Every structure is written in C-alpha cells, then in structure tokens.
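Just below is one structure, and these are the notes that go with it.
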Amino acid sequence: MPRKGSLKKVVVNTILKKVRTFLRGLYRIYNTLKGFSYDFKRFLFYGGWKENLKDVEARNYSLMMAYHGLEKSLSYKERNPNSGWSNAERVFYRLMIANKTGNIGFHDRAGKKVLQKFLSLPVNSEKKRAKEMIEGISLMNFDTKDTNHGAINFPKINFEKGKLNDPEDFFFSRYSLREFSDEKVNDEVVQRAIKLAMKTPSVCNRHPWKIYYSSDFDVVQKALLHQNGNRPFGKKVQSLLIITTDLKAFFAGAEHYQHWIDGGLISMSVMYALHSLGVSSCPLNWSQTPKNDKKLRAELNIASNHTIIMMLAIGYPDIDNMVCSSARRPINEVLSKLELRK
C-alpha cells in the first residue's frame, strides 16, 4: 500500500500535468490568434480586393480571371450563344485601361487575343456591341504573336500521352532527401522544372505563384537560418527554392485562404517536376510565427505581397542514400464514399 506522502505527490504531479497541458493549449490558441491577425493584416494591405486596375499586376490577375471565363465559354461543344458577354465587357474595360496606361503585361496581350476570338465567333461578330469592341480593340497598340489562347481542339490521344506505363515506379520512387551530392543543379534544370510545374491548375486560372531561387551558399544559409527543420543537414544544402503566392491575385473575402491552396498545389507540382528530371528535394515547412516571417523578409528580397508557402531544398542524390521510410495510412482510412445524409 503506497504511503500517504507518495500518494499526495502523485496527485500533485497529475494536477500539475493537467495544468501545464491546459496552459500549453491556451498558449497555442494565443499564437493562433496572432497568426490570424497577421494574415488578416497582410490580406488587408496587400490583397487584390482594392482591384487597382492601374497596377499592372493587379489588373492582370483580374484580367486572367475574366478572360478565363471566355476561354471556358469557347471550349464548350454546345455553347450558349448568349454566354460570356459579362466577361467580355470586363476584359474590354481592363484592356482599355492597359492601353491608356501604356504599361502592358503578358495577360493584357493574352486577354486581347482571347477577346478577339470570342468576338469573332459567327454568332457574335454581327452584334452591335461586338462591332464596337472590335473597333476599340483595333486602336490598341499592343498584341501577341502567341496564338495558343482561347480554346483548342485536344483529342483523346493527346490526353493519353500523360499515361505512365508504371505510375507506381514514378510516385513511389520519390522520397524527401536531406543529404545531397556535391553535384550542382544548374539554372536550366530549375527553369525547366518550373515550366513543367506551371501546368498546375489554380483558382480561375490566375497563376498567383512567385518562386524565388538561389544556389548562392550565403543566401541559402541565411534563409535556412530562419527555418527550424533543417538544422541537422542545412549546411549541406546548396540550392533552395522559396515558393510564394501573390496576395494581389485574390479579391473576395472568401478567398482569404486560397493562396495557401494554390501555393500547396504548385509546391507539389514543383517537387514532382524535379523528380521527373532526376532532381531530389526536401520540402521545408514555413508554418511560422509572424515574428519569424518578418525576420526572413527583413533579410531577403521577398515582396511584401508574396505569402511564403514553403522552402524547398533541392539537389542530386548520392550513389547511396538513406531516407525516412514513412509508412502511409491504409487507403480505407483516407478514401470515403460520398453519400447524401439520411
């Protein structure tokens, strides 16, 4: 039978553990509220909700969303002849502002091409408003040589080009690698990987991504100094990507979370694109406090309106490597049938 003093000590320790757990939970809630506040302020100051159409970046994001609506209208096999006009007006208005400012972005040119294709449809071209916009477009002194805008015919055989003979070989051979060989990843390989990853879908096709890259040892180490998970191997990292999304691309309050979603999509695409080129990677979490986020920005040239999604260490593997063999949850714990509630 335990002694009275011993029993009292057990009770006290149990109470202290519960108190510490409760206080730790409160501290986490406090930090969560600070994080929410920081994210809200960033969206307030840098988000695209102001829709300043004289700002070429903000206008181009808004324009992409509008002309993507026209692309969808052009892509339907049996399209409604009355569809697309509200987006056509939005595109035309933004193009007029672009032409007036003279600061022409890539999507100003692309938007003009898509609008021309829409207005040139036989069912549209004879309408009064279409003629007025066509005349207005003819006075705009910018264009693009790229004709791959709007909608294109894409037969089934083209979709089948992406089919892998053994997809398991590709997906199951990607591991996060933390110790790389001395072989450097050249800039051309990185650019190719990013170009491949740019096929990633994004909300309303806005492509809000901004990716920073360096193979300068001092720059890489300065960045990694602010990321906690790389300490055992960070000194060996030669090349680093910092993946961000542009808050200017998001307008509605309901989109305050969308930059994280689109950022996560491009991040995984970049990792798989690198893997397809024989380059290994290790995603480095950037779920940081406002204080750490500000410290990193104070030392690196990351624009204020760019939200940091993650860092990505990249490099080539050695002949022999050790990686974490992390078990994956069984499929029945992940995949559930979607049903109506009874």
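Residue numbering restarts at 1 in every chain; chains get A, B, ... in the order shown in the structure tokens, and ligands count up from 1 in that same order.
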Just the residues within 8 Å of region 279-288 of chain A, please, counting only C-alpha atoms, with nothing from its chain fewer than 6 positions along; format it as a PyMOL selection string. chain A and resi 174-178+185+227+229-230+271+308-317
Residues near Asp293 (chain A), cut-off 12 Å, only C-alpha atoms, skip fewer than 2 positions along chain, as a ChimeraX atom specification: /A:35,38-39,42,223,225-227,286-291,295-300,302,304,306-310
Report as number ranges by chain: the residues of region 37-218 of chain A with a DSSP assignment of helix (DSSP H, G or I), based on the backbone of this structure. A: 37-46, 48-50, 56-75, 85-101, 106-119, 122-125, 128-138, 156-162, 167-171, 187-197, 203-205, 217-218
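Coordinates place CA of Met65 (chain A) at a distance of 6.1 Å from CA of Arg206 (chain A).
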Counting only C-alpha atoms, the residue of A:Phe180, A:Phe22, A:Tyr67, A:Phe251 that sits nearest Met322 (chain A): A:Phe180
With only C-alpha atoms as the counted atoms, please give the residues lying no more than 10 Å from region 260-270 of chain A, apart from itself and same-chain residues fewer than 5 positions off, as a PDB file with N, CA and C atoms, in the first residue's frame.
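out18.pdb written:
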```pdb
ATOM      1  N   VAL A 190      16.393  23.907 -63.233  1.00  0.00           N
ATOM      2  CA  VAL A 190      15.399  24.522 -62.356  1.00  0.00           C
ATOM      3  C   VAL A 190      14.316  25.207 -63.189  1.00  0.00           C
ATOM      4  N   ALA A 193      11.990  22.667 -64.715  1.00  0.00           N
ATOM      5  CA  ALA A 193      11.073  22.113 -63.713  1.00  0.00           C
ATOM      6  C   ALA A 193       9.930  23.079 -63.426  1.00  0.00           C
ATOM      7  N   ILE A 194      10.257  24.364 -63.289  1.00  0.00           N
ATOM      8  CA  ILE A 194       9.220  25.356 -63.005  1.00  0.00           C
ATOM      9  C   ILE A 194       8.265  25.476 -64.189  1.00  0.00           C
ATOM     10  N   LYS A 195       8.811  25.405 -65.390  1.00  0.00           N
ATOM     11  CA  LYS A 195       7.961  25.476 -66.582  1.00  0.00           C
ATOM     12  C   LYS A 195       6.993  24.301 -66.629  1.00  0.00           C
ATOM     13  N   LEU A 196       7.465  23.118 -66.263  1.00  0.00           N
ATOM     14  CA  LEU A 196       6.587  21.949 -66.197  1.00  0.00           C
ATOM     15  C   LEU A 196       5.521  22.149 -65.125  1.00  0.00           C
ATOM     16  N   ALA A 197       5.942  22.647 -63.973  1.00  0.00           N
ATOM     17  CA  ALA A 197       5.014  22.823 -62.851  1.00  0.00           C
ATOM     18  C   ALA A 197       3.967  23.889 -63.134  1.00  0.00           C
ATOM     19  N   MET A 198       4.244  24.792 -64.059  1.00  0.00           N
ATOM     20  CA  MET A 198       3.295  25.863 -64.368  1.00  0.00           C
ATOM     21  C   MET A 198       2.001  25.348 -64.993  1.00  0.00           C
ATOM     22  N   LYS A 199       1.932  24.060 -65.334  1.00  0.00           N
ATOM     23  CA  LYS A 199       0.675  23.471 -65.798  1.00  0.00           C
ATOM     24  C   LYS A 199      -0.280  23.209 -64.641  1.00  0.00           C
ATOM     25  N   THR A 200       0.162  23.497 -63.430  1.00  0.00           N
ATOM     26  CA  THR A 200      -0.684  23.319 -62.256  1.00  0.00           C
ATOM     27  C   THR A 200      -1.951  24.174 -62.359  1.00  0.00           C
ATOM     28  N   PRO A 201      -3.115  23.622 -62.046  1.00  0.00           N
ATOM     29  CA  PRO A 201      -4.334  24.446 -62.043  1.00  0.00           C
ATOM     30  C   PRO A 201      -4.340  25.405 -60.862  1.00  0.00           C
ATOM     31  N   SER A 202      -5.034  26.507 -61.022  1.00  0.00           N
ATOM     32  CA  SER A 202      -5.178  27.492 -59.944  1.00  0.00           C
ATOM     33  C   SER A 202      -6.571  28.099 -60.047  1.00  0.00           C
ATOM     34  N   VAL A 203      -7.010  28.741 -58.976  1.00  0.00           N
ATOM     35  CA  VAL A 203      -8.363  29.280 -58.965  1.00  0.00           C
ATOM     36  C   VAL A 203      -8.534  30.289 -60.096  1.00  0.00           C
ATOM     37  N   ARG A 206      -5.513  31.870 -62.356  1.00  0.00           N
ATOM     38  CA  ARG A 206      -4.810  33.122 -62.094  1.00  0.00           C
ATOM     39  C   ARG A 206      -3.304  32.971 -61.954  1.00  0.00           C
ATOM     40  N   HIS A 207      -2.814  31.755 -61.756  1.00  0.00           N
ATOM     41  CA  HIS A 207      -1.365  31.524 -61.633  1.00  0.00           C
ATOM     42  C   HIS A 207      -0.718  32.513 -60.654  1.00  0.00           C
ATOM     43  N   PRO A 208      -1.072  32.472 -59.386  1.00  0.00           N
ATOM     44  CA  PRO A 208      -0.607  33.512 -58.459  1.00  0.00           C
ATOM     45  C   PRO A 208       0.788  33.268 -57.903  1.00  0.00           C
ATOM     46  N   TRP A 209       1.567  32.393 -58.541  1.00  0.00           N
ATOM     47  CA  TRP A 209       2.806  31.917 -57.942  1.00  0.00           C
ATOM     48  C   TRP A 209       3.991  32.832 -58.231  1.00  0.00           C
ATOM     49  N   LYS A 210       4.831  32.970 -57.235  1.00  0.00           N
ATOM     50  CA  LYS A 210       6.128  33.635 -57.361  1.00  0.00           C
ATOM     51  C   LYS A 210       7.146  32.733 -56.661  1.00  0.00           C
ATOM     52  N   ILE A 211       8.144  32.289 -57.396  1.00  0.00           N
ATOM     53  CA  ILE A 211       9.110  31.340 -56.845  1.00  0.00           C
ATOM     54  C   ILE A 211      10.502  31.974 -56.866  1.00  0.00           C
ATOM     55  N   LEU A 241      14.723  26.739 -53.119  1.00  0.00           N
ATOM     56  CA  LEU A 241      13.578  27.462 -53.667  1.00  0.00           C
ATOM     57  C   LEU A 241      12.725  27.959 -52.510  1.00  0.00           C
ATOM     58  N   ILE A 242      12.172  29.144 -52.646  1.00  0.00           N
ATOM     59  CA  ILE A 242      11.153  29.622 -51.721  1.00  0.00           C
ATOM     60  C   ILE A 242       9.899  29.871 -52.546  1.00  0.00           C
ATOM     61  N   ILE A 243       8.872  29.088 -52.265  1.00  0.00           N
ATOM     62  CA  ILE A 243       7.636  29.139 -53.051  1.00  0.00           C
ATOM     63  C   ILE A 243       6.647  30.081 -52.364  1.00  0.00           C
ATOM     64  N   THR A 244       6.150  31.041 -53.117  1.00  0.00           N
ATOM     65  CA  THR A 244       5.217  32.023 -52.564  1.00  0.00           C
ATOM     66  C   THR A 244       4.020  32.201 -53.498  1.00  0.00           C
ATOM     67  N   THR A 245       2.988  32.828 -52.962  1.00  0.00           N
ATOM     68  CA  THR A 245       1.844  33.219 -53.787  1.00  0.00           C
ATOM     69  C   THR A 245       1.589  34.710 -53.590  1.00  0.00           C
ATOM     70  N   ASP A 246       1.044  35.324 -54.627  1.00  0.00           N
ATOM     71  CA  ASP A 246       0.843  36.775 -54.637  1.00  0.00           C
ATOM     72  C   ASP A 246      -0.553  37.122 -54.141  1.00  0.00           C
ATOM     73  N   GLU A 255     -11.828  34.390 -50.454  1.00  0.00           N
ATOM     74  CA  GLU A 255     -10.567  33.871 -50.995  1.00  0.00           C
ATOM     75  C   GLU A 255      -9.385  34.087 -50.051  1.00  0.00           C
ATOM     76  N   HIS A 275      11.503  15.712 -59.661  1.00  0.00           N
ATOM     77  CA  HIS A 275      11.690  14.255 -59.610  1.00  0.00           C
ATOM     78  C   HIS A 275      11.746  13.660 -61.013  1.00  0.00           C
ATOM     79  N   SER A 276      10.917  14.184 -61.915  1.00  0.00           N
ATOM     80  CA  SER A 276      10.908  13.680 -63.295  1.00  0.00           C
ATOM     81  C   SER A 276      12.209  13.990 -64.024  1.00  0.00           C
ATOM     82  N   SER A 281      14.432  16.482 -53.711  1.00  0.00           N
ATOM     83  CA  SER A 281      14.009  17.680 -52.981  1.00  0.00           C
ATOM     84  C   SER A 281      13.582  17.311 -51.572  1.00  0.00           C
ATOM     85  N   PRO A 283      10.868  19.262 -48.883  1.00  0.00           N
ATOM     86  CA  PRO A 283      10.042  20.411 -48.506  1.00  0.00           C
ATOM     87  C   PRO A 283      10.308  20.804 -47.060  1.00  0.00           C
ATOM     88  N   THR A 307       3.082  35.752 -50.172  1.00  0.00           N
ATOM     89  CA  THR A 307       2.947  34.902 -48.990  1.00  0.00           C
ATOM     90  C   THR A 307       3.859  33.691 -49.131  1.00  0.00           C
ATOM     91  N   ILE A 308       4.710  33.469 -48.142  1.00  0.00           N
ATOM     92  CA  ILE A 308       5.640  32.335 -48.193  1.00  0.00           C
ATOM     93  C   ILE A 308       4.888  31.050 -47.867  1.00  0.00           C
ATOM     94  N   ILE A 309       4.923  30.101 -48.783  1.00  0.00           N
ATOM     95  CA  ILE A 309       4.245  28.820 -48.603  1.00  0.00           C
ATOM     96  C   ILE A 309       5.198  27.800 -47.987  1.00  0.00           C
ATOM     97  N   MET A 310       6.380  27.671 -48.567  1.00  0.00           N
ATOM     98  CA  MET A 310       7.378  26.736 -48.049  1.00  0.00           C
ATOM     99  C   MET A 310       8.730  27.004 -48.687  1.00  0.00           C
ATOM    100  N   MET A 311       9.767  26.452 -48.073  1.00  0.00           N
ATOM    101  CA  MET A 311      11.085  26.388 -48.689  1.00  0.00           C
ATOM    102  C   MET A 311      11.251  24.979 -49.268  1.00  0.00           C
ATOM    103  N   LEU A 312      12.084  24.871 -50.285  1.00  0.00           N
ATOM    104  CA  LEU A 312      12.324  23.571 -50.905  1.00  0.00           C
ATOM    105  C   LEU A 312      13.814  23.422 -51.178  1.00  0.00           C
TER     106      LEU A 312
END
```
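For the residues A:Leu74, A:Ala151, A:Ala110, A:Val237, ranking by smallest atom-to-atom distance to Lys184 (chain A) using only C-alpha atoms places A:Val237 first.
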Work out how far apart CA of Asn13 (chain A) and CA of Asn31 (chain A) are and give it in Å to one decimal.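 These atoms are spaced 26.6 Å apart.
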Report, in Å with one decimal, the straight-line distance from CA of Val10 (chain A) to CA of Leu26 (chain A).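 So the answer is 24.4 Å.
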Per-residue DSSP, region 50-258 of chain A, filtered to strand (DSSP E), as a list in words: Trp209, Lys210, Ile211, Tyr212, Tyr213, Ser214, Ser239, Leu240, Leu241, Ile242, Ile243, Thr244, Thr245 and Asp246 of chain A
Write out the residues from the selection above, keeping N, CA and C atoms, as a tab-separated table (two decimals), in the first residue's frame.
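Output saved as result29.tsv:
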```tsv
chain	number	residue	atom	x	y	z
A	209	TRP	N	1.57	32.39	-58.54
A	209	TRP	CA	2.81	31.92	-57.94
A	209	TRP	C	3.99	32.83	-58.23
A	210	LYS	N	4.83	32.97	-57.23
A	210	LYS	CA	6.13	33.64	-57.36
A	210	LYS	C	7.15	32.73	-56.66
A	211	ILE	N	8.14	32.29	-57.40
A	211	ILE	CA	9.11	31.34	-56.85
A	211	ILE	C	10.50	31.97	-56.87
A	212	TYR	N	11.11	32.00	-55.71
A	212	TYR	CA	12.46	32.56	-55.56
A	212	TYR	C	13.46	31.41	-55.51
A	213	TYR	N	14.64	31.62	-56.13
A	213	TYR	CA	15.63	30.55	-56.24
A	213	TYR	C	17.04	31.09	-56.03
A	214	SER	N	17.86	30.31	-55.34
A	214	SER	CA	19.26	30.69	-55.18
A	214	SER	C	20.12	29.45	-54.99
A	239	SER	N	21.24	24.44	-52.94
A	239	SER	CA	20.25	25.16	-53.75
A	239	SER	C	18.91	25.16	-53.03
A	240	LEU	N	18.22	26.30	-53.10
A	240	LEU	CA	16.97	26.46	-52.36
A	240	LEU	C	15.95	27.22	-53.17
A	241	LEU	N	14.72	26.74	-53.12
A	241	LEU	CA	13.58	27.46	-53.67
A	241	LEU	C	12.73	27.96	-52.51
A	242	ILE	N	12.17	29.14	-52.65
A	242	ILE	CA	11.15	29.62	-51.72
A	242	ILE	C	9.90	29.87	-52.55
A	243	ILE	N	8.87	29.09	-52.27
A	243	ILE	CA	7.64	29.14	-53.05
A	243	ILE	C	6.65	30.08	-52.36
A	244	THR	N	6.15	31.04	-53.12
A	244	THR	CA	5.22	32.02	-52.56
A	244	THR	C	4.02	32.20	-53.50
A	245	THR	N	2.99	32.83	-52.96
A	245	THR	CA	1.84	33.22	-53.79
A	245	THR	C	1.59	34.71	-53.59
A	246	ASP	N	1.04	35.32	-54.63
A	246	ASP	CA	0.84	36.77	-54.64
A	246	ASP	C	-0.55	37.12	-54.14
```
Of the candidates A:Ser75, A:Ser336, A:Asn158, A:Thr144, which one gets nearest to Gly111 (chain A) if we count only C-alpha atoms?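 Nearest to Gly111 (chain A): A:Thr144.
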When distances are computed from only C-alpha atoms, which of A:Tyr46, A:Leu121, A:Ser181, A:Asp218 shows the smallest separation from Ala58 (chain A)?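 The answer is A:Tyr46, which sits nearest to Ala58 (chain A).
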